[in-house]
>>> print(open('model_21.cif').read())   # mmCIF, C-alpha atoms
data_my_file
#
loop_
_atom_site.label_atom_id
_atom_site.label_comp_id
_atom_site.auth_asym_id
_atom_site.auth_seq_id
_atom_site.Cartn_x
_atom_site.Cartn_y
_atom_site.Cartn_z
CA ASP T 933 14.22 4.26 4.49
CA ALA T 934 13.99 1.55 1.86
CA GLY T 935 16.00 2.44 -1.24
CA ILE T 936 13.21 2.95 -3.76
CA THR T 937 13.31 5.61 -6.45
CA GLN T 938 10.45 6.37 -8.77
CA SER T 939 10.89 8.40 -11.93
CA PRO T 940 9.58 10.72 -13.10
CA ARG T 941 7.92 12.20 -10.01
CA HIS T 942 5.49 14.22 -12.10
CA LYS T 943 4.36 13.89 -15.69
CA VAL T 944 1.74 15.56 -17.86
CA THR T 945 0.98 14.00 -21.20
CA GLU T 946 -1.76 13.76 -23.81
CA THR T 947 -4.30 11.05 -24.48
CA GLY T 948 -3.00 8.38 -26.82
CA THR T 949 0.69 8.81 -26.05
CA PRO T 950 2.79 6.02 -24.55
CA VAL T 951 4.10 6.53 -21.01
CA THR T 952 6.67 4.55 -19.05
CA LEU T 953 7.21 4.87 -15.32
CA ARG T 954 10.32 3.48 -13.68
CA CYS T 955 10.88 1.99 -10.25
CA HIS T 956 14.42 1.36 -9.10
CA GLN T 957 15.38 -0.40 -5.86
CA THR T 958 18.72 -0.85 -4.14
CA GLU T 959 17.50 -3.44 -1.59
CA ASN T 960 17.75 -6.55 -3.78
CA HIS T 961 14.20 -7.49 -2.78
CA ARG T 962 12.49 -10.21 -4.74
CA TYR T 963 9.00 -8.73 -5.04
CA MET T 964 8.07 -5.47 -6.75
CA TYR T 965 4.61 -3.96 -7.20
CA TRP T 966 2.83 -1.17 -9.02
CA TYR T 967 -0.24 0.45 -7.45
CA ARG T 968 -2.45 3.36 -8.34
CA GLN T 969 -4.11 5.55 -5.75
CA ASP T 970 -7.39 7.26 -6.51
CA PRO T 971 -9.87 9.05 -4.23
CA GLY T 972 -12.38 6.62 -2.77
CA HIS T 973 -10.42 3.59 -3.92
CA GLY T 974 -7.32 3.47 -1.77
CA LEU T 975 -4.38 1.62 -3.27
CA ARG T 976 -5.15 -0.82 -6.06
CA LEU T 977 -2.65 -3.31 -7.43
CA ILE T 978 -1.89 -3.03 -11.14
CA HIS T 979 0.85 -5.63 -11.65
CA TYR T 980 3.50 -7.24 -9.55
CA SER T 981 6.72 -9.19 -10.06
CA TYR T 982 8.08 -12.13 -8.11
CA GLY T 983 11.42 -12.25 -9.91
CA VAL T 984 13.26 -11.24 -13.05
CA LYS T 985 10.93 -11.76 -16.03
CA ASP T 986 8.24 -13.13 -13.67
CA THR T 987 5.17 -10.92 -13.46
CA ASP T 988 1.47 -11.27 -12.78
CA LYS T 989 -1.65 -9.16 -13.05
CA GLY T 990 -3.33 -7.34 -10.22
CA GLU T 991 -6.91 -6.17 -9.89
CA VAL T 992 -6.68 -3.20 -12.30
CA SER T 993 -4.24 -4.38 -14.98
CA ASP T 994 -6.21 -3.45 -18.13
CA GLY T 995 -4.32 -0.86 -20.20
CA TYR T 996 -1.01 -1.48 -18.42
CA SER T 997 2.00 -3.66 -19.07
CA VAL T 998 5.15 -4.25 -17.03
CA SER T 999 8.65 -5.54 -17.48
CA ARG T 1000 11.40 -6.60 -15.15
CA SER T 1001 14.67 -7.39 -16.88
CA LYS T 1002 16.83 -6.77 -13.80
CA THR T 1003 16.20 -7.34 -10.11
CA GLU T 1004 16.46 -3.63 -9.38
CA ASP T 1005 14.16 -2.22 -12.07
CA PHE T 1006 10.42 -2.59 -12.61
CA LEU T 1007 8.84 -0.63 -15.46
CA LEU T 1008 5.17 0.23 -15.86
CA THR T 1009 3.99 1.14 -19.38
CA LEU T 1010 0.78 2.71 -20.53
CA GLU T 1011 0.79 1.84 -24.24
CA SER T 1012 -1.82 4.46 -25.14
CA ALA T 1013 -2.68 6.66 -22.20
CA THR T 1014 -6.29 7.55 -21.44
CA SER T 1015 -7.70 10.21 -19.11
CA SER T 1016 -8.96 7.46 -16.76
CA GLN T 1017 -5.32 6.61 -16.07
CA THR T 1018 -4.70 9.98 -14.48
CA SER T 1019 -3.63 8.97 -10.99
CA VAL T 1020 -0.82 8.76 -8.49
CA TYR T 1021 1.28 5.66 -9.07
CA PHE T 1022 3.26 3.98 -6.32
CA CYS T 1023 5.93 1.35 -6.56
CA ALA T 1024 6.49 -1.01 -3.63
CA ILE T 1025 8.98 -3.73 -2.79
CA SER T 1026 9.05 -6.59 -0.32
CA ASP T 1027 11.57 -9.22 0.60
CA GLN T 1028 10.91 -12.94 0.45
CA GLY T 1029 10.29 -14.81 3.68
CA ALA T 1030 7.39 -14.99 6.08
CA ASN T 1031 5.54 -11.82 6.92
CA GLN T 1032 7.63 -9.26 5.12
CA PRO T 1033 5.94 -5.85 4.78
CA GLN T 1034 5.91 -3.79 1.64
CA HIS T 1035 7.89 -0.56 1.44
CA PHE T 1036 6.82 2.19 -0.90
CA GLY T 1037 8.40 4.80 -3.11
CA ASP T 1038 7.25 8.41 -3.03
CA GLY T 1039 4.98 8.11 -6.04
CA THR T 1040 4.57 9.49 -9.55
CA ARG T 1041 1.77 11.95 -10.22
CA LEU T 1042 0.57 11.35 -13.76
CA SER T 1043 -1.89 13.64 -15.52
CA ILE T 1044 -3.31 12.70 -18.91
CA LEU T 1045 -5.06 15.52 -20.72
CA ASP G 902 -15.39 -6.13 -4.66
CA GLN G 903 -13.48 -4.53 -1.81
CA GLN G 904 -11.98 -7.28 0.36
CA VAL G 905 -10.56 -4.83 2.90
CA LYS G 906 -12.82 -2.03 4.12
CA GLN G 907 -12.27 1.07 6.17
CA ASN G 908 -15.73 2.47 6.74
CA SER G 909 -14.69 5.72 8.38
CA PRO G 910 -13.18 8.14 5.86
CA SER G 911 -12.11 10.53 8.60
CA LEU G 912 -11.53 10.79 12.35
CA SER G 913 -10.71 13.75 14.62
CA VAL G 914 -9.15 13.29 18.05
CA GLN G 915 -7.80 15.63 20.71
CA GLU G 916 -4.08 15.54 21.37
CA GLY G 917 -3.24 13.14 24.20
CA ARG G 918 -6.37 11.04 23.72
CA ILE G 919 -6.66 7.62 22.10
CA SER G 920 -7.18 7.25 18.36
CA ILE G 921 -8.89 4.06 17.21
CA LEU G 922 -8.91 3.22 13.52
CA ASN G 923 -10.94 0.28 12.29
CA CYS G 924 -10.71 -2.12 9.39
CA ASP G 925 -12.88 -5.05 8.29
CA TYR G 926 -12.03 -7.80 5.84
CA THR G 927 -14.01 -10.48 4.05
CA ASN G 928 -11.43 -13.03 2.91
CA SER G 929 -10.82 -15.77 5.50
CA MET G 930 -7.58 -16.66 3.69
CA PHE G 931 -5.89 -13.46 4.89
CA ASP G 932 -3.18 -14.28 7.42
CA TYR G 933 -0.99 -11.18 7.58
CA PHE G 934 -2.27 -7.70 8.32
CA LEU G 935 -0.54 -4.35 8.18
CA TRP G 936 -1.11 -0.66 8.88
CA TYR G 937 0.46 2.13 6.87
CA LYS G 938 0.60 5.87 7.46
CA LYS G 939 0.64 8.30 4.56
CA TYR G 940 1.46 11.99 4.50
CA PRO G 941 0.55 14.14 1.47
CA ALA G 942 2.96 13.89 -1.46
CA GLU G 943 4.77 10.95 0.12
CA GLY G 944 4.51 7.20 -0.20
CA PRO G 945 2.82 5.08 2.48
CA THR G 946 5.10 4.21 5.39
CA PHE G 947 4.88 0.84 7.11
CA LEU G 948 3.72 1.25 10.70
CA ILE G 949 2.93 -2.08 12.33
CA SER G 950 1.79 -5.57 11.39
CA ILE G 951 0.27 -8.67 12.91
CA SER G 952 0.05 -12.28 11.79
CA SER G 953 -3.09 -14.32 12.20
CA ILE G 954 -1.56 -16.44 14.96
CA LYS G 955 -1.65 -13.43 17.27
CA ASP G 956 -4.44 -11.17 18.46
CA LYS G 957 -2.34 -8.20 19.56
CA ASN G 958 0.94 -6.55 18.63
CA GLU G 959 2.44 -3.44 20.22
CA ASP G 960 5.11 -1.03 19.10
CA GLY G 961 5.46 2.01 21.31
CA ARG G 962 2.33 4.13 21.08
CA PHE G 963 0.83 1.87 18.39
CA THR G 964 -1.11 -1.32 19.07
CA VAL G 965 -2.88 -3.47 16.51
CA PHE G 966 -5.67 -5.81 17.54
CA LEU G 967 -6.96 -8.68 15.43
CA ASN G 968 -10.33 -10.35 15.93
CA LYS G 969 -10.36 -13.24 13.48
CA SER G 970 -13.87 -14.42 14.26
CA ALA G 971 -15.23 -10.96 13.48
CA LYS G 972 -12.76 -10.40 10.61
CA HIS G 973 -11.90 -7.08 12.23
CA LEU G 974 -8.64 -5.23 12.71
CA SER G 975 -8.03 -2.07 14.70
CA LEU G 976 -5.13 0.29 15.32
CA HIS G 977 -4.88 2.13 18.63
CA ILE G 978 -2.64 5.17 19.00
CA VAL G 979 -2.05 6.29 22.58
CA PRO G 980 -1.42 9.10 23.25
CA SER G 981 -2.26 10.78 19.96
CA GLN G 982 0.06 13.55 18.79
CA PRO G 983 -0.41 16.24 16.12
CA GLY G 984 2.31 14.56 14.03
CA ASP G 985 0.07 11.49 13.80
CA SER G 986 -2.26 13.45 11.52
CA ALA G 987 -2.17 11.49 8.27
CA VAL G 988 -4.12 9.00 6.20
CA TYR G 989 -3.97 5.46 7.57
CA PHE G 990 -4.38 2.42 5.37
CA CYS G 991 -4.92 -1.12 6.52
CA ALA G 992 -3.78 -3.96 4.29
CA ALA G 993 -4.00 -7.73 4.24
CA ARG G 994 -2.26 -10.59 2.48
CA PRO G 995 -3.65 -14.09 1.91
CA ASN G 996 -1.75 -17.22 2.90
CA THR G 997 -1.31 -18.01 -0.79
CA GLY G 998 0.69 -15.69 -3.01
CA ASN G 999 2.20 -12.33 -2.17
CA GLN G 1000 -0.49 -9.85 -3.18
CA PHE G 1001 -1.56 -7.24 -0.67
CA TYR G 1002 -5.06 -5.78 -0.52
CA PHE G 1003 -5.61 -2.28 0.82
CA GLY G 1004 -8.51 -0.44 2.38
CA THR G 1005 -9.59 3.00 1.19
CA GLY G 1006 -7.94 4.81 4.08
CA THR G 1007 -8.98 6.87 7.11
CA SER G 1008 -7.80 10.45 7.45
CA LEU G 1009 -6.83 11.11 11.07
CA THR G 1010 -6.63 14.65 12.41
CA VAL G 1011 -5.15 15.16 15.85
CA ILE G 1012 -6.21 18.51 17.25
CA PRO G 1013 -3.65 20.30 19.46
#
>>> encode(input="model_21.cif", output="structure tokens")
Amino acid sequence: DAGITQSPRHKVTETGTPVTLRCHQTENHRYMYWYRQDPGHGLRLIHYSYGVKDTDKGEVSDGYSVSRSKTEDFLLTLESATSSQTSVYFCAISDQGANQPQHFGDGTRLSIL
Amino acid sequence: DQQVKQNSPSLSVQEGRISILNCDYTNSMFDYFLWYKKYPAEGPTFLISISSIKDKNEDGRFTVFLNKSAKHLSLHIVPSQPGDSAVYFCAARPNTGNQFYFGTGTSLTVIP
């Protein structure tokens, strides 16, 4: 299994509070991604990173920010959480080179009340 | 707009029979296609992939077929086993950039 750790695994918080989710990898892969999974929508990309300090937006980036100060860590921040951000969040990594698949962490279940 | 579509939310198959999961895409720039399996409370697990230069790729009981003219992808599982019961996602990546686009998933149930 790819060495990907997401923390926390579960979190309940209130609307308006800031939340940070962490993804840590031990594979030294170049690319890291944050997705959310919601019923009827599959996996949707929030942000991704193609190197330290290099990030780009995905299809559902509004309300989220990311940072990558080290190769192994990719942080997802909800500056002011809303109930619509209740979801399961997955981190993924992939290596550079042709046709490299993504490998996923086990997810963070986030509930915003 | 969904660029990768899985139009069947669920599928039930008898153990030992073939399972066929389908996926359609709209973006002609996609050149790398993948299938993932997901169990509850776990992350998706990479299953099999195919590049656009091929039309078939096999790995044990799993075969992926690609029909570029129809923009259609399918996953065949033969023979199906109860442990194959999971949600299956197809995904695609364009030949520019490294973003992956996922379908909404098909829940497969293999009946013993």
>>> closest_atom_pairs(input="model_21.cif", of="chain T", to="chain G", cutoff="12 Å", atoms="all atoms listed in the file", output="tab-separated table")
residue	atom	partner	partner_atom	distance
T:Asp933	CA	G:Thr946	CA	9.2
T:Ala934	CA	G:Thr946	CA	9.9
T:Ile936	CA	G:Gly944	CA	10.3
T:Thr937	CA	G:Gly944	CA	10.9
T:Gln938	CA	G:Gly944	CA	10.5
T:Arg941	CA	G:Ala942	CA	10.0
T:His942	CA	G:Ala942	CA	10.9
T:Arg962	CA	G:Asn999	CA	10.8
T:Tyr963	CA	G:Asn999	CA	8.2
T:Met964	CA	G:Asn999	CA	10.1
T:Tyr965	CA	G:Gln1000	CA	8.8
T:Trp966	CA	G:Gln1000	CA	11.0
T:Tyr967	CA	G:Phe1003	CA	10.2
T:Arg968	CA	G:Phe1003	CA	11.2
T:Gln969	CA	G:Thr1005	CA	9.2
T:Asp970	CA	G:Thr1005	CA	9.1
T:Pro971	CA	G:Thr1005	CA	8.1
T:Gly972	CA	G:Thr1005	CA	6.0
T:His973	CA	G:Thr1005	CA	5.2
T:Gly974	CA	G:Thr1005	CA	3.8
T:Leu975	CA	G:Phe1003	CA	5.8
T:Arg976	CA	G:Phe1003	CA	7.0
T:Leu977	CA	G:Tyr1002	CA	7.7
T:Ile978	CA	G:Gln1000	CA	10.6
T:His979	CA	G:Gln1000	CA	9.6
T:Tyr980	CA	G:Gln1000	CA	8.0
T:Ser981	CA	G:Asn999	CA	9.6
T:Tyr982	CA	G:Asn999	CA	8.4
T:Thr987	CA	G:Asn999	CA	11.8
T:Asp988	CA	G:Gln1000	CA	9.9
T:Lys989	CA	G:Gln1000	CA	10.0
T:Gly990	CA	G:Gln1000	CA	8.0
T:Glu991	CA	G:Tyr1002	CA	9.6
T:Val992	CA	G:Asp902	CA	12.0
T:Val1020	CA	G:Ala942	CA	9.5
T:Tyr1021	CA	G:Gly944	CA	9.6
T:Phe1022	CA	G:Gly944	CA	7.0
T:Cys1023	CA	G:Gly944	CA	8.8
T:Ala1024	CA	G:Gly944	CA	9.1
T:Ile1025	CA	G:Asn999	CA	11.0
T:Ser1026	CA	G:Asn999	CA	9.1
T:Asp1027	CA	G:Asn999	CA	10.3
T:Gln1028	CA	G:Asn999	CA	9.1
T:Gly1029	CA	G:Asn999	CA	10.3
T:Ala1030	CA	G:Tyr933	CA	9.3
T:Asn1031	CA	G:Tyr933	CA	6.6
T:Gln1032	CA	G:Tyr933	CA	9.2
T:Pro1033	CA	G:Phe947	CA	7.2
T:Gln1034	CA	G:Phe947	CA	7.2
T:His1035	CA	G:Phe947	CA	6.6
T:Phe1036	CA	G:Gly944	CA	5.6
T:Gly1037	CA	G:Gly944	CA	5.4
T:Asp1038	CA	G:Gly944	CA	4.1
T:Gly1039	CA	G:Gly944	CA	5.9
T:Thr1040	CA	G:Ala942	CA	9.3
T:Arg1041	CA	G:Ala942	CA	9.1
>>> atom_distance(input="model_21.cif", atom1="CA of Val979 in chain G", atom2="CA of Ile919 in chain G")
4.8 Å
>>> residues_around(input="model_21.cif", residues="Leu1009 in chain G", least_positions_apart="5", cutoff="12 Å", atoms="all atoms listed in the file", output="PyMOL selection string")
chain G and resi 909-916+919-923+938-940+976-978+981-990
>>> closest_residue(input="model_21.cif", among="G:Ile1012, G:Val965, G:Ile954, G:Val905", to="Thr927 in chain G", atoms="only C-alpha atoms")
G:Val905
>>> atom_distance(input="model_21.cif", atom1="CA of Arg954 in chain T", atom2="CA of Phe1006 in chain T")
6.2 Å
>>> atom_distance(input="model_21.cif", atom1="CA of Ser1001 in chain T", atom2="CA of Ser939 in chain T")
17.0 Å
>>> resolve_selection(input="model_21.cif", expression="the PyMOL selection byres ((chain T and resi 952) around 6)", output="ChimeraX atom specification")
/T:951,953,1008-1009
